[in-house]
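A.B. asks: Below is the structure I would like to discuss, written out as structure tokens.
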Amino acid sequence: MPEDSALLLSVQAALTAAGWQYTRIEDQDREVLRLDFDAHHTRVPISLQIFGPIGAVAVVAENSHEADKRIRGKLAELLMRTNIQLTIGNFELNWDTMRVFFRLTNLFTSADEIERALPGMVSAAVAEMDRMTPQIAELLNATPEELETFDIGRLMRREDYLPDPENTAPTGLELE
């Protein structure tokens, strides 16, 4: 196995400084760390993909639902329309496995940058996936008849899915 990159060591130090537990995913070709966070609606698994040679760290949140292909069109519409509204990151749909991901990537030139930016990147990924989880669940619960006329715009405007930030901060994500 190749030697750990300086970027991986800086990411691990930043996670430790934030007080977060992580595990290393054994992969001969990539440096990957895994974290899990309890959010308002769901548990959000996070993968950190470290690309040492280019100084990039990708934070990837995965939705826990196993989406049915019958909702693929509506789910793709929901994700695309949501992406238009995002400032950072984007939602992705693996067309074959029907898994939904939220990914954001940043390039770093120093360990100080990582320690300052990484907690915010992870927090954003958790919050975005947590926000999307009940919307995906609603699509999964729709009958075939309901899907034919399902209004994605209405779904996106629902505010009852939004957590109260004062009382539902994801565990372990509090920033100083």
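Chain identifiers are assigned as A, B, and so on, following the order in which chains appear in the structure tokens; residues are numbered from 1 within each chain, and ligands are numbered from 1 in order of appearance.
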Could you go through chain A and tell me which residues DSSP, when run on the backbone, assigns to helix (DSSP H, G or I), listing them as number ranges by chain?
C.D. replies: A: 6-17, 52-54, 69-85, 111-141, 144-148, 152-157
A.B. asks: Set the distance at 12 Å and use only C-alpha atoms: which residues neighbour Leu48 in chain A once local chain neighbours fewer than 3 positions away are removed? I'd like the list as a PyMOL selection string.
C.D. replies: chain A and resi 7-8+11-12+15+22-25+30-36+45+51+56-62+102-106+118-119+121-122+125
A.B. asks: Point out the residue among A:Asn63, A:Thr97, A:Glu145, A:Arg70 with the least atom-to-atom distance to Thr133 in chain A, counting only C-alpha atoms.
C.D. replies: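 The closest residue to Thr133 in chain A is A:Asn63.
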A.B. asks: Have a look at CA of His65 in chain A and CA of Thr42 in chain A and let me know their distance in Å, one decimal.
C.D. replies: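 Computing it gives 10.1 Å between the two atoms.
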A.B. asks: Give me, as a PyMOL selection string, all polymer residues having an atom no more than 8 Å from Ile114 in chain A, counting only C-alpha atoms and skipping those fewer than 5 positions away in the same chain.
C.D. replies: chain A and resi 10-11+14+108
